Number of protein chains: 2
Amino acid sequence: MMITANDQQDVKKEKILEAAHHRFLHFGYSKTTMNEIAGDLSMSKALLYYYFPDKSQLYVAVMRKVSDSYLKSLSDRINTFADLKEAFIFQIDTQHDFIVTNYNFFDFFRLNEQNLPDAIWEIVTQVHESETKMLVSAIKTEVDRGKIKPVSNPTEIVELLLDALHGVRAKSVSHKKTMFPNKEHLEEIRAKRLLLADIFIKGLMY
Amino acid sequence: MMITANDQQDVKKEKILEAAHHRFLHFGYSKTTMNEIAGDLSMSKALLYYYFPDKSQLYVAVMRKVSDSYLKSLSDRINTFADLKEAFIFQIDTQHDFIVTNYNFFDFFRLNEQNLPDAIWEIVTQVHESETKMLVSAIKTEVDRGKIKPVSNPTEIVELLLDALHGVRAKSVSHKKTMFPNKEHLEEIRAKRLLLADIFIKGLMY
DNA sequence: AAATTGATAGTTTTGTTAAAAAAGTCAGGA
DNA sequence: TCCTGACTTTTTTAACAAAACTATCAATTT
């Protein structure tokens with residue numbers, strides 16, 4: 001099989017993405033320089049600019065890669081859930097791992113908060129839509145099975161649940177300085193979210 | 001009835017609190033100066049320091065006043081709810097109004113986020129405890145009435161609900177620059193919270 | 001004695017500018 | 001086409017002076 005120039009380019013681009021990912025993940029966006037990334041690969045900074053137009057678009061490309069694997073893990077499991085609760089649990093655990101694993105990577109994200117580049121918002125929107133899609137599908141299935149009440153607007157319900165889960169925090173965190181949640185907090189949050197999902201399904205009433 | 005020196009002091013303190021409240025409310029903590037507050041009252045800045053030890057403690061005193069009225073509205077209604085849903089609705093509406101009415105006032109709050117003075121945290125904690133107490137009481141009553149399942153830890157449930165409600169956001173707000181929510185958003189959030197409270201009680205299952 | 005103030009000391013914020021660091025460009029070489 | 005060293009431009013940092021503000025206090029009025 002012939003190796004074309006484009007294949008070679010793709011291989012090199014991939015190497016760059018890996019090095020960039022490594023730097024962004026460990027030191028965050030603002031504390032990694034193009035020189036460092038180039039240095040890690042023993043190439044000149046100018047070459048980075050040959051492959052990627054600028055730093056932010058390099059970041060976006062890495063983010064694309066990272067979120068693609070997240071999206072894949074979602075689509076792999078869609079429609080495979082035994083019941084709604086299993087789907088909720090999967091959502092909570094998977095998103096949780098995703099965010100924890102990439103915590104530093106997202107500092108760019110948190111830092112710019114407002115006016116992020118459109119490309120980032122596209123990814124965020126896509127991720128959110130995939131999560132929603134997966135859970136909406138799980139709800140519809142459960143309705144079809146006659147396990148839960150018919151729901152007029154499943155998307156609305158799912159987005160409400162995602163918002164609600166997002167609001168769940170560790171008890172002490174609001175006071176303490178450490179915004180970087182430690183292990184106990186992560187577990188506490190996870191446990192609370194699972195409880196919330198459970199109530200969301202069953203309610204407090206008989 | 002005799003007017004003592006202390007009565008006079010209290011009257012003046014009250015005047016100062018009003019003027020300070022007005023400034024803090026409209027311009028926030030960092031953008032109001034002691035000179036301005038004094039100017040509004042046609043008194044010297046030094047006199048403010050005669051009545052209050054420093055700016056932050058003046059702020060705390062105003063906050064105390066503001067939150068006392070909120071606490072009162074909660075305690076006035078405790079144990080007066082026809083059912084759990086009514087309690088949840090009251091909580092949502094009342095807190096909502098409280099935050100919206102005092103939005104700018106709380107900028108000090110948001111600005112310092114970490115390391116707020118202890119006095120502030122006492123108030124926050126007290127407010128949170130009152131909200132929790134009211135809702136826990138409503139849950140217990142409802143359990144006694146046999147309307148909902150017995151709950152092993154009502155406080156945990158209530159705190160989970162409060163977190164969840166806190167997570168509810170307007171759909172578009174995450175992207176737009178305007179963090180100050182406008183009327184439609186406020187209504188949208190309120191509506192979503194009411195829906196969440198409803199699901200929280202009834203669940204999705206039959 | 002209690003209430004009040006002008007003057008002023010001390011601290012924080014803001015603005016300025018120069019140096020350093022980083023992003024980004026380009027002519028030219030392999 | 002891929003790649004680099006040298007270069008230009010933009011952004012960040014550091015140092016420091018000016019301005020704004022908080023806080024204090026001796027002196028004055030009530």
# chains A, B, ... in the order shown; residues from 1 in each chain; ligands from 1
>>> closest_atom_pairs(of="chain D", to="chain A", cutoff="9 Å", atoms="only C-alpha atoms (C1' of nucleotides)", output="Markdown table")
| residue | atom | partner | partner_atom | distance |
| --- | --- | --- | --- | --- |
| D:DT1 | C1' | A:Ala5 | CA | 8.6 |
| D:DC2 | C1' | A:Leu47 | CA | 8.4 |
| D:DC3 | C1' | A:Leu47 | CA | 6.5 |
| D:DT4 | C1' | A:Ser44 | CA | 6.6 |
>>> write_last_selection(atoms="C-alpha atoms (C1' of nucleotides)", output="compact mmCIF listing (two decimals), in the first residue's frame")
# COMPACT_ATOMS: atom_id res chain seq x y z
C1' DT D 1 6.60 20.09 -0.02
C1' DC D 2 8.67 20.27 4.35
C1' DC D 3 11.34 22.69 7.31
C1' DT D 4 14.23 26.36 9.83
>>> select_by_dssp(residues="stretch 135-194 of chain B", states="alpha helix (DSSP H)", output="ChimeraX atom specification")
/B:135-144,154-167,183-194
>>> write_last_selection(atoms="C-alpha atoms", output="PDB file, in the first residue's frame")
ATOM      1  CA  LEU B 135     -38.498  22.104  53.579  1.00  0.00           C
ATOM      2  CA  VAL B 136     -37.469  19.310  55.918  1.00  0.00           C
ATOM      3  CA  SER B 137     -40.461  20.169  58.058  1.00  0.00           C
ATOM      4  CA  ALA B 138     -42.694  20.098  55.001  1.00  0.00           C
ATOM      5  CA  ILE B 139     -41.346  16.688  54.037  1.00  0.00           C
ATOM      6  CA  LYS B 140     -41.839  15.263  57.502  1.00  0.00           C
ATOM      7  CA  THR B 141     -45.388  16.562  57.593  1.00  0.00           C
ATOM      8  CA  GLU B 142     -46.091  14.966  54.241  1.00  0.00           C
ATOM      9  CA  VAL B 143     -44.634  11.670  55.423  1.00  0.00           C
ATOM     10  CA  ASP B 144     -46.846  11.835  58.508  1.00  0.00           C
ATOM     11  CA  PRO B 154     -34.905  14.342  54.924  1.00  0.00           C
ATOM     12  CA  THR B 155     -32.097  16.895  55.229  1.00  0.00           C
ATOM     13  CA  GLU B 156     -30.048  15.082  52.620  1.00  0.00           C
ATOM     14  CA  ILE B 157     -33.017  15.056  50.277  1.00  0.00           C
ATOM     15  CA  VAL B 158     -33.690  18.740  50.750  1.00  0.00           C
ATOM     16  CA  GLU B 159     -30.078  19.730  50.176  1.00  0.00           C
ATOM     17  CA  LEU B 160     -30.038  17.654  47.059  1.00  0.00           C
ATOM     18  CA  LEU B 161     -33.129  19.442  45.802  1.00  0.00           C
ATOM     19  CA  LEU B 162     -31.664  22.856  46.575  1.00  0.00           C
ATOM     20  CA  ASP B 163     -28.479  21.975  44.704  1.00  0.00           C
ATOM     21  CA  ALA B 164     -30.475  20.654  41.800  1.00  0.00           C
ATOM     22  CA  LEU B 165     -32.653  23.764  41.623  1.00  0.00           C
ATOM     23  CA  HIS B 166     -29.512  25.848  41.732  1.00  0.00           C
ATOM     24  CA  GLY B 167     -28.219  24.083  38.643  1.00  0.00           C
ATOM     25  CA  LYS B 183     -37.093  38.915  32.331  1.00  0.00           C
ATOM     26  CA  GLU B 184     -37.695  36.029  29.927  1.00  0.00           C
ATOM     27  CA  HIS B 185     -34.779  34.090  31.350  1.00  0.00           C
ATOM     28  CA  LEU B 186     -35.976  34.583  34.878  1.00  0.00           C
ATOM     29  CA  GLU B 187     -39.375  33.290  33.964  1.00  0.00           C
ATOM     30  CA  GLU B 188     -37.867  30.400  32.035  1.00  0.00           C
ATOM     31  CA  ILE B 189     -35.725  29.410  35.007  1.00  0.00           C
ATOM     32  CA  ARG B 190     -38.638  29.686  37.377  1.00  0.00           C
ATOM     33  CA  ALA B 191     -40.780  27.501  35.149  1.00  0.00           C
ATOM     34  CA  LYS B 192     -38.075  24.858  34.844  1.00  0.00           C
ATOM     35  CA  ARG B 193     -37.560  24.800  38.581  1.00  0.00           C
ATOM     36  CA  LEU B 194     -41.235  24.280  39.164  1.00  0.00           C
TER      37      LEU B 194
END
>>> closest_residue(among="C:DA2, C:DA21, C:DA30, C:DA9", to="A:Met34", atoms="only C-alpha atoms (C1' of nucleotides)")
C:DA21
>>> interface_residues(of="chain A", to="chain B", cutoff="8 Å", atoms="only C-alpha atoms", output="ChimeraX atom specification")
/A:114-115,121,147-149,160,163-169,175-177,192,196,199-206
>>> write_last_selection(atoms="N, CA and C atoms", output="CSV table (one decimal), in the first residue's frame")
chain,number,residue,atom,x,y,z
A,114,GLN,N,-16.8,33.5,28.9
A,114,GLN,CA,-17.5,34.3,27.8
A,114,GLN,C,-16.6,34.3,26.6
A,115,ASN,N,-17.1,34.7,25.5
A,115,ASN,CA,-16.5,34.8,24.2
A,115,ASN,C,-15.4,33.7,23.9
A,121,TRP,N,-17.7,26.2,20.8
A,121,TRP,CA,-19.1,26.1,21.1
A,121,TRP,C,-19.8,25.0,20.3
A,147,LYS,N,-42.8,1.4,31.3
A,147,LYS,CA,-42.2,1.5,32.7
A,147,LYS,C,-42.4,2.9,33.3
A,148,ILE,N,-42.5,3.9,32.5
A,148,ILE,CA,-42.7,5.2,33.0
A,148,ILE,C,-43.8,5.9,32.3
A,149,LYS,N,-44.3,7.0,32.9
A,149,LYS,CA,-45.4,7.7,32.3
A,149,LYS,C,-45.0,8.3,30.9
A,160,LEU,N,-33.4,19.2,31.7
A,160,LEU,CA,-33.7,19.6,33.1
A,160,LEU,C,-32.8,18.7,34.0
A,163,ASP,N,-29.1,19.8,33.8
A,163,ASP,CA,-28.9,21.0,34.6
A,163,ASP,C,-28.9,20.7,36.1
A,164,ALA,N,-29.9,19.9,36.5
A,164,ALA,CA,-30.0,19.5,37.9
A,164,ALA,C,-28.7,18.8,38.4
A,165,LEU,N,-28.3,17.8,37.7
A,165,LEU,CA,-27.1,17.1,38.0
A,165,LEU,C,-25.9,18.0,38.1
A,166,HIS,N,-25.9,19.0,37.2
A,166,HIS,CA,-24.8,20.0,37.2
A,166,HIS,C,-24.7,20.8,38.4
A,167,GLY,N,-25.9,21.0,39.0
A,167,GLY,CA,-26.0,21.8,40.2
A,167,GLY,C,-25.5,21.1,41.5
A,168,VAL,N,-25.3,19.8,41.4
A,168,VAL,CA,-24.9,19.1,42.6
A,168,VAL,C,-23.5,19.3,42.9
A,169,ARG,N,-23.2,19.7,44.2
A,169,ARG,CA,-21.9,20.1,44.6
A,169,ARG,C,-21.6,19.3,45.9
A,175,HIS,N,-17.4,26.7,50.7
A,175,HIS,CA,-16.6,27.5,51.6
A,175,HIS,C,-15.1,27.5,51.4
A,176,LYS,N,-14.6,26.3,51.1
A,176,LYS,CA,-13.2,26.1,51.0
A,176,LYS,C,-12.5,26.8,49.8
A,177,LYS,N,-11.3,27.0,49.9
A,177,LYS,CA,-10.5,27.7,48.9
A,177,LYS,C,-10.3,26.8,47.7
A,192,LYS,N,-24.3,11.7,45.3
A,192,LYS,CA,-25.4,12.5,45.3
A,192,LYS,C,-26.2,12.5,44.0
A,196,LEU,N,-29.9,11.6,43.1
A,196,LEU,CA,-30.8,12.5,42.4
A,196,LEU,C,-31.5,11.8,41.2
A,199,ILE,N,-34.2,9.6,42.5
A,199,ILE,CA,-35.5,10.3,42.8
A,199,ILE,C,-36.2,10.8,41.6
A,200,PHE,N,-35.3,11.3,40.7
A,200,PHE,CA,-35.9,11.8,39.4
A,200,PHE,C,-36.8,10.7,38.7
A,201,ILE,N,-36.4,9.5,38.8
A,201,ILE,CA,-37.2,8.4,38.2
A,201,ILE,C,-38.4,8.0,39.1
A,202,LYS,N,-38.1,7.8,40.4
A,202,LYS,CA,-39.1,7.3,41.2
A,202,LYS,C,-40.0,8.3,41.9
A,203,GLY,N,-39.4,9.5,42.2
A,203,GLY,CA,-40.2,10.5,42.9
A,203,GLY,C,-40.2,10.2,44.4
A,204,LEU,N,-40.7,11.2,45.1
A,204,LEU,CA,-40.8,11.0,46.6
A,204,LEU,C,-42.2,10.3,47.0
A,205,MET,N,-43.1,10.5,46.1
A,205,MET,CA,-44.5,9.9,46.4
A,205,MET,C,-44.5,8.4,46.3
A,206,TYR,N,-45.5,7.8,46.8
A,206,TYR,CA,-45.7,6.4,46.6
A,206,TYR,C,-46.0,6.1,45.2
>>> residues_around(residues="A:Thr94", least_positions_apart="3", cutoff="9 Å", atoms="only C-alpha atoms (C1' of nucleotides)", output="ChimeraX atom specification")
/A:70,73-74,89-91,97-99
>>> interface_residues(of="chain C", to="chain A", cutoff="9 Å", atoms="only C-alpha atoms (C1' of nucleotides)", output="list in words")
DA22, DA23, DG24 and DT25 of chain C
>>> atom_distance(atom1="atom CA of B:Asn153", atom2="atom CA of A:Gln95")
27.3 Å
>>> decode(residues="stretch 27-151 of chain B", atoms="C-alpha atoms", output="mmCIF file, in the first residue's frame")
data_model
loop_
_atom_site.group_PDB
_atom_site.id
_atom_site.type_symbol
_atom_site.label_atom_id
_atom_site.label_comp_id
_atom_site.auth_asym_id
_atom_site.auth_seq_id
_atom_site.Cartn_x
_atom_site.Cartn_y
_atom_site.Cartn_z
ATOM 1 C CA PHE B 27 -23.626 50.079 42.335
ATOM 2 C CA GLY B 28 -22.308 47.049 44.200
ATOM 3 C CA TYR B 29 -19.775 46.914 46.987
ATOM 4 C CA SER B 30 -16.589 47.839 45.178
ATOM 5 C CA LYS B 31 -18.140 50.735 43.307
ATOM 6 C CA THR B 32 -19.511 52.579 46.276
ATOM 7 C CA THR B 33 -17.212 54.583 48.490
ATOM 8 C CA MET B 34 -17.590 55.589 52.089
ATOM 9 C CA ASN B 35 -17.497 59.212 50.933
ATOM 10 C CA GLU B 36 -20.521 58.645 48.728
ATOM 11 C CA ILE B 37 -22.532 57.049 51.492
ATOM 12 C CA ALA B 38 -21.592 59.899 53.814
ATOM 13 C CA GLY B 39 -22.403 62.411 51.083
ATOM 14 C CA ASP B 40 -25.893 60.942 50.611
ATOM 15 C CA LEU B 41 -26.503 61.576 54.301
ATOM 16 C CA SER B 42 -24.779 64.959 54.313
ATOM 17 C CA MET B 43 -22.421 63.792 56.968
ATOM 18 C CA SER B 44 -18.693 63.372 57.089
ATOM 19 C CA LYS B 45 -17.054 60.112 56.230
ATOM 20 C CA ALA B 46 -15.422 60.086 59.661
ATOM 21 C CA LEU B 47 -18.829 59.860 61.248
ATOM 22 C CA LEU B 48 -19.519 56.623 59.441
ATOM 23 C CA TYR B 49 -16.445 55.239 61.146
ATOM 24 C CA TYR B 50 -17.845 56.454 64.422
ATOM 25 C CA TYR B 51 -20.855 54.191 63.938
ATOM 26 C CA PHE B 52 -19.296 51.291 62.027
ATOM 27 C CA PRO B 53 -15.764 49.991 62.431
ATOM 28 C CA ASP B 54 -15.081 49.545 58.715
ATOM 29 C CA LYS B 55 -16.628 49.200 55.301
ATOM 30 C CA SER B 56 -16.920 45.441 55.245
ATOM 31 C CA GLN B 57 -18.672 45.377 58.595
ATOM 32 C CA LEU B 58 -21.067 48.015 57.344
ATOM 33 C CA TYR B 59 -21.786 45.750 54.410
ATOM 34 C CA VAL B 60 -22.303 42.812 56.705
ATOM 35 C CA ALA B 61 -24.748 44.836 58.795
ATOM 36 C CA VAL B 62 -26.752 45.675 55.689
ATOM 37 C CA MET B 63 -26.659 42.067 54.605
ATOM 38 C CA ARG B 64 -27.850 41.042 58.034
ATOM 39 C CA LYS B 65 -30.841 43.354 57.650
ATOM 40 C CA VAL B 66 -31.638 42.147 54.158
ATOM 41 C CA SER B 67 -31.407 38.485 55.040
ATOM 42 C CA ASP B 68 -33.397 38.934 58.233
ATOM 43 C CA SER B 69 -36.389 39.956 56.194
ATOM 44 C CA TYR B 70 -35.872 36.902 54.000
ATOM 45 C CA LEU B 71 -35.584 34.676 57.038
ATOM 46 C CA LYS B 72 -38.747 36.188 58.414
ATOM 47 C CA SER B 73 -40.702 35.454 55.256
ATOM 48 C CA LEU B 74 -39.569 31.848 55.568
ATOM 49 C CA SER B 75 -40.406 31.441 59.242
ATOM 50 C CA ASP B 76 -43.775 33.113 58.691
ATOM 51 C CA ARG B 77 -44.793 30.337 56.369
ATOM 52 C CA ILE B 78 -43.205 27.282 57.969
ATOM 53 C CA ASN B 79 -45.766 24.549 58.665
ATOM 54 C CA THR B 80 -48.494 26.387 56.764
ATOM 55 C CA PHE B 81 -48.313 24.403 53.551
ATOM 56 C CA ALA B 82 -51.218 22.398 52.217
ATOM 57 C CA ASP B 83 -48.822 19.908 50.673
ATOM 58 C CA LEU B 84 -45.184 19.365 49.787
ATOM 59 C CA LYS B 85 -45.533 20.847 46.356
ATOM 60 C CA GLU B 86 -46.782 24.107 47.792
ATOM 61 C CA ALA B 87 -43.710 24.248 50.015
ATOM 62 C CA PHE B 88 -41.388 23.656 47.085
ATOM 63 C CA ILE B 89 -43.126 26.324 45.026
ATOM 64 C CA PHE B 90 -42.876 28.795 47.875
ATOM 65 C CA GLN B 91 -39.162 28.081 48.256
ATOM 66 C CA ILE B 92 -38.514 28.552 44.552
ATOM 67 C CA ASP B 93 -40.494 31.761 44.262
ATOM 68 C CA THR B 94 -39.253 33.344 47.444
ATOM 69 C CA GLN B 95 -35.585 32.629 46.926
ATOM 70 C CA HIS B 96 -35.919 33.702 43.341
ATOM 71 C CA ASP B 97 -37.369 37.055 44.307
ATOM 72 C CA PHE B 98 -34.782 37.489 47.012
ATOM 73 C CA ILE B 99 -31.856 36.958 44.669
ATOM 74 C CA VAL B 100 -33.288 38.979 41.819
ATOM 75 C CA THR B 101 -34.201 41.905 44.056
ATOM 76 C CA ASN B 102 -30.727 42.050 45.525
ATOM 77 C CA TYR B 103 -28.723 41.014 42.490
ATOM 78 C CA ASN B 104 -26.239 43.895 42.458
ATOM 79 C CA PHE B 105 -26.025 43.897 46.193
ATOM 80 C CA PHE B 106 -24.518 40.431 46.096
ATOM 81 C CA ASP B 107 -21.640 41.423 43.834
ATOM 82 C CA PHE B 108 -19.364 41.627 46.864
ATOM 83 C CA PHE B 109 -20.375 38.122 47.427
ATOM 84 C CA ARG B 110 -19.669 36.913 43.926
ATOM 85 C CA LEU B 111 -16.512 38.999 43.629
ATOM 86 C CA ASN B 112 -14.786 37.580 46.665
ATOM 87 C CA GLU B 113 -16.227 34.096 46.194
ATOM 88 C CA GLN B 114 -13.407 32.494 48.125
ATOM 89 C CA ASN B 115 -12.297 33.927 51.465
ATOM 90 C CA LEU B 116 -15.395 35.864 52.393
ATOM 91 C CA PRO B 117 -15.428 37.233 55.942
ATOM 92 C CA ASP B 118 -16.701 34.771 58.500
ATOM 93 C CA ALA B 119 -19.637 37.016 59.334
ATOM 94 C CA ILE B 120 -20.916 36.612 55.785
ATOM 95 C CA TRP B 121 -20.599 32.863 55.928
ATOM 96 C CA GLU B 122 -22.567 32.819 59.133
ATOM 97 C CA ILE B 123 -25.419 34.587 57.388
ATOM 98 C CA VAL B 124 -25.241 32.367 54.330
ATOM 99 C CA THR B 125 -25.214 29.300 56.514
ATOM 100 C CA GLN B 126 -28.127 30.589 58.554
ATOM 101 C CA VAL B 127 -30.190 31.299 55.434
ATOM 102 C CA HIS B 128 -29.403 27.909 54.012
ATOM 103 C CA GLU B 129 -30.328 26.246 57.271
ATOM 104 C CA SER B 130 -33.628 28.083 57.415
ATOM 105 C CA GLU B 131 -34.533 27.053 53.905
ATOM 106 C CA THR B 132 -33.574 23.491 54.702
ATOM 107 C CA LYS B 133 -35.463 23.514 57.962
ATOM 108 C CA MET B 134 -38.631 24.752 56.294
ATOM 109 C CA LEU B 135 -38.498 22.104 53.579
ATOM 110 C CA VAL B 136 -37.469 19.310 55.918
ATOM 111 C CA SER B 137 -40.461 20.169 58.058
ATOM 112 C CA ALA B 138 -42.694 20.098 55.001
ATOM 113 C CA ILE B 139 -41.346 16.688 54.037
ATOM 114 C CA LYS B 140 -41.839 15.263 57.502
ATOM 115 C CA THR B 141 -45.388 16.562 57.593
ATOM 116 C CA GLU B 142 -46.091 14.966 54.241
ATOM 117 C CA VAL B 143 -44.634 11.670 55.423
ATOM 118 C CA ASP B 144 -46.846 11.835 58.508
ATOM 119 C CA ARG B 145 -49.823 12.448 56.289
ATOM 120 C CA GLY B 146 -48.880 9.313 54.390
ATOM 121 C CA LYS B 147 -48.610 11.237 51.147
ATOM 122 C CA ILE B 148 -44.985 10.337 50.398
ATOM 123 C CA LYS B 149 -42.639 7.476 51.198
ATOM 124 C CA PRO B 150 -40.853 7.572 54.531
ATOM 125 C CA VAL B 151 -37.467 9.221 54.075
#
